[in-house]
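The structure appears right after this line, and notes come after that.
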Amino acid sequence: MNAVARFFAVATLALGVLAPAHADRIRDLTQVGGVRSNQLVGYGLVVGLDGSGDQTSQAPFTTQSLENMLQQFGLNVPANVRPQLKNAAAVTITAELPPFAKPGQRIDVTVASIGNAKSIRGGELLMSPLKGADGQIYAIAQGSVVVGGVSAQGKSGSSVQVNISASGRIPGGASIERSVATSFDKGGDIMLNLNTADFTTAARVAEAVNRNFGAGTARAIDSATIAVRAPMDASQRVAWLSTIQGLDVTPGDAPARVIVNSRTGTVVIGSDVKVGAAAVAHGAIQVTISEQPQVSQPNAFSRGQTAVVPSSQVAVSEEGGHMFKFGPGTSLDAIVRAVNQVGASPSDLISILQALKESGALRAELVVI
């Protein structure tokens with residue numbers, strides 16, 4: 001079995017496993033409208049590095065940040081003095097503020113160097129504010145940085161690096177200072193947004209809720225949103241939504257789609273993909289050019305000069321000339337068998353699928369990522 005055959009065997013098996021053989025919970029199909037996380041970002045200094053910090057001559061903002069911090073503690077650096085630091089690095093700090101997070105809770109943060117620091121392993125992040133998109137401070141970060149990568153360099157210039165050592169994480173490294181208001185406890189309908197928009201799935205979710213809680217409880221607004229009536233009291237809304245999310249719903253069939261990654265040669269074909277009647281010829285044209293320089297030696301006493309004369313040989317060959325034919329309504333299994341018989345590589349398969357799509361024989365959406 002060649003590489004393409006093994007690839008499609010695994011892809012077909014995966015599609016069979018992912019096919020909706022049983023119902024899924026509404027919790028797994030939807031998200032509650034307005035209940036979302038928020039991104040936080042900040043700037044700070046990591047200190048205590050073992051000579052692997054920023055080179056301040058090329059990253060002057062590191063020195064400026066340190067001087068500003070020292071001024072807050074009553075220490076003034078003379079204007080004519082430029083500290084040459086090797087154990088400090090300027091970093092960006094990012095974090096995700098989860099929904100319903102309250103002041104005092106802790107979240108993980110990611111720290112990444114923005115200067116020319118070689119490594120921030122073993123460093124300590126100084127207290128840094130984390131701001132949201134509105135410019136308000138929502139958390140304060142500080143702590144020891146955990147780095148998964150490692151790098152080493154010798155005096156001769158040889159170096160070894162495993163993973164990335166210029167970024168790391170601080171588990172529980174930020175304390176939440178402000179919570180984000182949500183509309184969950186404001187009353188009114190609860191909006192359930194489907195993870196994958198589909199009219200059939202939206203209709204089935206609304207039907208399942210109405211079947212268990214009475215007609216008119218839920219209504220599908222569009223292919224992605226279902227509005228559900230809910231109690232006004234916040235505690236009752238929590239119990240109400242918990243019960244609804246536990247209901248089982250059989251989602252609609254996935255659309256016929258072929259996903260092609262042109263960079264890696266990955267091709268994923270959905271189980272409902274069909275091909276109309278078509279004939280495909282596949283062949284590989286190979287052009288070989290070989291250079292064999294020859295030395296031209298002049299005769300004795302001819303006062304000539306030795307010269308190198310180029311000699312090129314060009315050969316054109318066509319291998320693997322095959323043709324296969326698809327009948328109307330051909331399924332995924334037939335496509336896989338035909339491709340395996342031809343022995344096409346993933347890159348050749350991409351060209352075949354694009355040609356089938358242009359001819360109108362491919363009964364699926366071709367998505368190139």
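Letters for chains follow the order of the structure tokens (A, B, ...), residue numbers begin at 1 for each chain, and ligand numbers begin at 1 in the order shown.
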I want to know what sits within 7 Å of range 130-142 of chain A, based on only C-alpha atoms, with residues of the same chain fewer than 3 positions away left out; could you give that as a short mmCIF file (atom, residue, chain, number, x, y, z; two decimals) with all heavy atoms, in the first residue's frame?
```
data_model
loop_
_atom_site.label_atom_id
_atom_site.label_comp_id
_atom_site.auth_asym_id
_atom_site.auth_seq_id
_atom_site.Cartn_x
_atom_site.Cartn_y
_atom_site.Cartn_z
N GLN A 39 -9.59 38.91 25.45
CA GLN A 39 -8.14 38.87 25.35
C GLN A 39 -7.53 40.04 26.11
O GLN A 39 -8.02 41.17 26.05
CB GLN A 39 -7.71 38.94 23.88
CG GLN A 39 -8.28 37.83 23.02
CD GLN A 39 -7.88 36.45 23.48
OE1 GLN A 39 -6.73 36.24 23.89
NE2 GLN A 39 -8.81 35.51 23.44
N LEU A 40 -6.44 39.75 26.82
CA LEU A 40 -5.70 40.76 27.57
C LEU A 40 -4.26 40.80 27.07
O LEU A 40 -3.71 39.78 26.65
CB LEU A 40 -5.71 40.44 29.07
CG LEU A 40 -7.08 40.30 29.74
CD1 LEU A 40 -6.90 39.96 31.21
CD2 LEU A 40 -7.92 41.54 29.57
N VAL A 41 -3.66 41.98 27.12
CA VAL A 41 -2.28 42.13 26.67
C VAL A 41 -1.59 43.15 27.57
O VAL A 41 -2.24 44.07 28.10
CB VAL A 41 -2.22 42.57 25.19
CG1 VAL A 41 -2.81 43.95 25.01
CG2 VAL A 41 -0.78 42.53 24.67
N GLY A 42 -0.29 42.98 27.75
CA GLY A 42 0.48 43.89 28.58
C GLY A 42 1.94 43.89 28.18
O GLY A 42 2.38 43.10 27.32
N LEU A 125 9.17 37.62 35.99
CA LEU A 125 8.39 38.73 35.45
C LEU A 125 8.01 39.68 36.57
O LEU A 125 7.42 39.27 37.58
CB LEU A 125 7.13 38.20 34.76
CG LEU A 125 6.16 39.26 34.25
CD1 LEU A 125 6.76 40.06 33.11
CD2 LEU A 125 4.84 38.62 33.81
N LEU A 126 8.34 40.95 36.38
CA LEU A 126 7.96 41.96 37.37
C LEU A 126 6.50 42.36 37.18
O LEU A 126 5.92 42.16 36.11
CB LEU A 126 8.86 43.19 37.22
CG LEU A 126 10.36 42.95 37.43
CD1 LEU A 126 11.12 44.26 37.28
CD2 LEU A 126 10.62 42.34 38.80
N MET A 127 5.90 42.92 38.21
CA MET A 127 4.48 43.24 38.21
C MET A 127 4.12 44.09 37.00
O MET A 127 4.69 45.17 36.79
CB MET A 127 4.11 43.96 39.50
CG MET A 127 2.62 44.25 39.63
SD MET A 127 2.19 44.96 41.23
CE MET A 127 3.11 46.50 41.16
N GLY A 173 -0.28 33.01 36.71
CA GLY A 173 0.60 34.16 36.89
C GLY A 173 -0.06 35.51 36.94
O GLY A 173 0.61 36.52 37.12
N ALA A 174 -1.38 35.58 36.78
CA ALA A 174 -2.07 36.87 36.81
C ALA A 174 -3.27 36.78 37.73
O ALA A 174 -3.99 35.78 37.76
CB ALA A 174 -2.52 37.28 35.41
N SER A 175 -3.48 37.83 38.49
CA SER A 175 -4.62 37.93 39.39
C SER A 175 -5.64 38.89 38.79
O SER A 175 -5.29 40.01 38.39
CB SER A 175 -4.17 38.43 40.76
OG SER A 175 -5.27 38.64 41.61
N ILE A 176 -6.88 38.46 38.69
CA ILE A 176 -7.93 39.27 38.09
C ILE A 176 -8.30 40.40 39.04
O ILE A 176 -8.53 40.18 40.24
CB ILE A 176 -9.16 38.41 37.76
CG1 ILE A 176 -8.78 37.33 36.75
CG2 ILE A 176 -10.31 39.26 37.23
CD1 ILE A 176 -9.88 36.35 36.44
N GLU A 177 -8.36 41.60 38.51
CA GLU A 177 -8.69 42.79 39.29
C GLU A 177 -10.07 43.35 38.97
O GLU A 177 -10.62 44.12 39.75
CB GLU A 177 -7.64 43.89 39.05
CG GLU A 177 -6.22 43.48 39.39
CD GLU A 177 -6.06 43.21 40.88
OE1 GLU A 177 -6.75 43.88 41.67
OE2 GLU A 177 -5.24 42.34 41.25
N ARG A 178 -10.62 42.97 37.82
CA ARG A 178 -11.92 43.52 37.42
C ARG A 178 -12.66 42.47 36.60
O ARG A 178 -12.06 41.79 35.77
CB ARG A 178 -11.72 44.80 36.60
CG ARG A 178 -13.01 45.40 36.07
CD ARG A 178 -12.75 46.61 35.21
NE ARG A 178 -12.05 47.66 35.95
CZ ARG A 178 -11.74 48.84 35.43
NH1 ARG A 178 -12.05 49.12 34.17
NH2 ARG A 178 -11.11 49.74 36.16
#
```
Selection: 10 Å around Val77 in chain A, only C-alpha atoms, excl. self and same-chain fewer than 6 positions, as a list in words: Leu66, Glu67, Asn68, Leu70, Gln71 and Pro83 of chain A
Contacts of range 192-197 of chain A at 12 Å (only C-alpha atoms; same-chain gap of 6+ positions) as a PyMOL selection string: chain A and resi 25-36+184+203-206+209+218-230+241+244-245+251-255
Residues within 8 Å of range 111-119 of chain A, only C-alpha atoms, excluding chain neighbours under 4 positions, as a list in words: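 Residues near the query, excluding close chain neighbours: Leu49, Ser52, Gly53, Asp54, Gln55, Gln58, Ala59, Ala89, Ala90, Val91, Thr92, Ile93, Thr94, Val145, Val150, Ser151, Ser165, Ala166, Ser167, Gly168, Arg169 and Ile170 of chain A.
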The selected residues should be written to file as a PDB file, in the first residue's frame (atoms: C-alpha atoms).
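Final file, selection_32.pdb:
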```pdb
ATOM      1  CA  LEU A  49      18.469  36.064  33.388  1.00  0.00           C
ATOM      2  CA  SER A  52      20.823  35.944  27.943  1.00  0.00           C
ATOM      3  CA  GLY A  53      18.793  39.157  28.063  1.00  0.00           C
ATOM      4  CA  ASP A  54      18.435  42.023  25.597  1.00  0.00           C
ATOM      5  CA  GLN A  55      21.451  43.814  24.194  1.00  0.00           C
ATOM      6  CA  GLN A  58      20.030  47.356  19.995  1.00  0.00           C
ATOM      7  CA  ALA A  59      16.973  47.372  22.272  1.00  0.00           C
ATOM      8  CA  ALA A  89      14.457  41.408  28.711  1.00  0.00           C
ATOM      9  CA  ALA A  90      11.437  43.351  27.484  1.00  0.00           C
ATOM     10  CA  VAL A  91       8.425  41.089  26.941  1.00  0.00           C
ATOM     11  CA  THR A  92       4.806  41.133  25.919  1.00  0.00           C
ATOM     12  CA  ILE A  93       2.284  39.413  28.153  1.00  0.00           C
ATOM     13  CA  THR A  94      -0.923  37.873  26.853  1.00  0.00           C
ATOM     14  CA  VAL A 145       8.580  32.105  33.807  1.00  0.00           C
ATOM     15  CA  VAL A 150      16.550  25.276  25.722  1.00  0.00           C
ATOM     16  CA  SER A 151      19.481  26.736  23.787  1.00  0.00           C
ATOM     17  CA  SER A 165      13.417  29.552  24.669  1.00  0.00           C
ATOM     18  CA  ALA A 166      12.398  33.197  24.085  1.00  0.00           C
ATOM     19  CA  SER A 167       8.828  32.599  25.253  1.00  0.00           C
ATOM     20  CA  GLY A 168       7.223  30.820  28.165  1.00  0.00           C
ATOM     21  CA  ARG A 169       4.222  30.628  30.477  1.00  0.00           C
ATOM     22  CA  ILE A 170       3.418  31.490  34.058  1.00  0.00           C
TER      23      ILE A 170
END
```
Selection: 8 Å around Ala101 in chain A, only C-alpha atoms, excl. self and same-chain fewer than 4 positions, as a ChimeraX atom specification: /A:97,105,176,179-180
Would you output that residue set with N, CA, C and O atoms, as an mmCIF file, in the first residue's frame?
```
data_model
loop_
_atom_site.group_PDB
_atom_site.id
_atom_site.type_symbol
_atom_site.label_atom_id
_atom_site.label_comp_id
_atom_site.auth_asym_id
_atom_site.auth_seq_id
_atom_site.Cartn_x
_atom_site.Cartn_y
_atom_site.Cartn_z
ATOM 1 N N LEU A 97 -9.072 36.177 29.455
ATOM 2 C CA LEU A 97 -9.953 36.348 30.604
ATOM 3 C C LEU A 97 -11.223 35.541 30.365
ATOM 4 O O LEU A 97 -12.017 35.868 29.482
ATOM 5 N N GLN A 105 -9.474 35.741 41.345
ATOM 6 C CA GLN A 105 -9.138 34.485 40.680
ATOM 7 C C GLN A 105 -7.859 34.664 39.863
ATOM 8 O O GLN A 105 -7.491 35.768 39.485
ATOM 9 N N ILE A 176 -6.879 38.455 38.691
ATOM 10 C CA ILE A 176 -7.931 39.270 38.085
ATOM 11 C C ILE A 176 -8.304 40.401 39.044
ATOM 12 O O ILE A 176 -8.525 40.176 40.242
ATOM 13 N N SER A 179 -13.938 42.336 36.833
ATOM 14 C CA SER A 179 -14.749 41.389 36.075
ATOM 15 C C SER A 179 -15.415 42.094 34.901
ATOM 16 O O SER A 179 -15.567 43.320 34.887
ATOM 17 N N VAL A 180 -15.803 41.302 33.916
ATOM 18 C CA VAL A 180 -16.466 41.830 32.724
ATOM 19 C C VAL A 180 -17.957 41.559 32.828
ATOM 20 O O VAL A 180 -18.378 40.422 33.076
#
```
Top pick for closest residue to Ala23 in chain A, considering A:Thr250, A:Thr182, A:Ser65, A:Asn210 and counting only C-alpha atoms: A:Thr250
Residue among A:Ser271, A:Asn299, A:Asn87, A:Thr201 lying closest to Thr56 in chain A, counting only C-alpha atoms: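 Closest residue, counting only C-alpha atoms: A:Asn87.
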Distance of CA of Asn76 in chain A from CA of Arg121 in chain A, expressed in Å to one decimal place: 29.0 Å
Counting only C-alpha atoms, the option among A:Gly143, A:Gly265, A:Gly216, A:Gly276 closest to Glu124 in chain A: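 Residue with the minimum atom-to-atom distance to Glu124 in chain A: A:Gly143.
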In range 14-193 of chain A, DSSP strand (DSSP E) residues written as a VMD selection string: chain A and resid 24 to 25 30 to 32 38 to 47 88 to 97 106 to 113 124 to 131 137 to 144 150 to 153 159 to 162 167 to 176 190 to 193
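Using only C-alpha atoms, the nearest neighbour of Gly51 in chain A within the list A:Val258, A:Ala277, A:Val146, A:Ile120 is A:Ile120.
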Separation of CA of Pro103 in chain A from CA of Pro171 in chain A, in Å and rounded to one decimal: 17.1 Å
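The space separating CA of Asp233 in chain A from CA of Asp248 in chain A comes to 25.5 Å.
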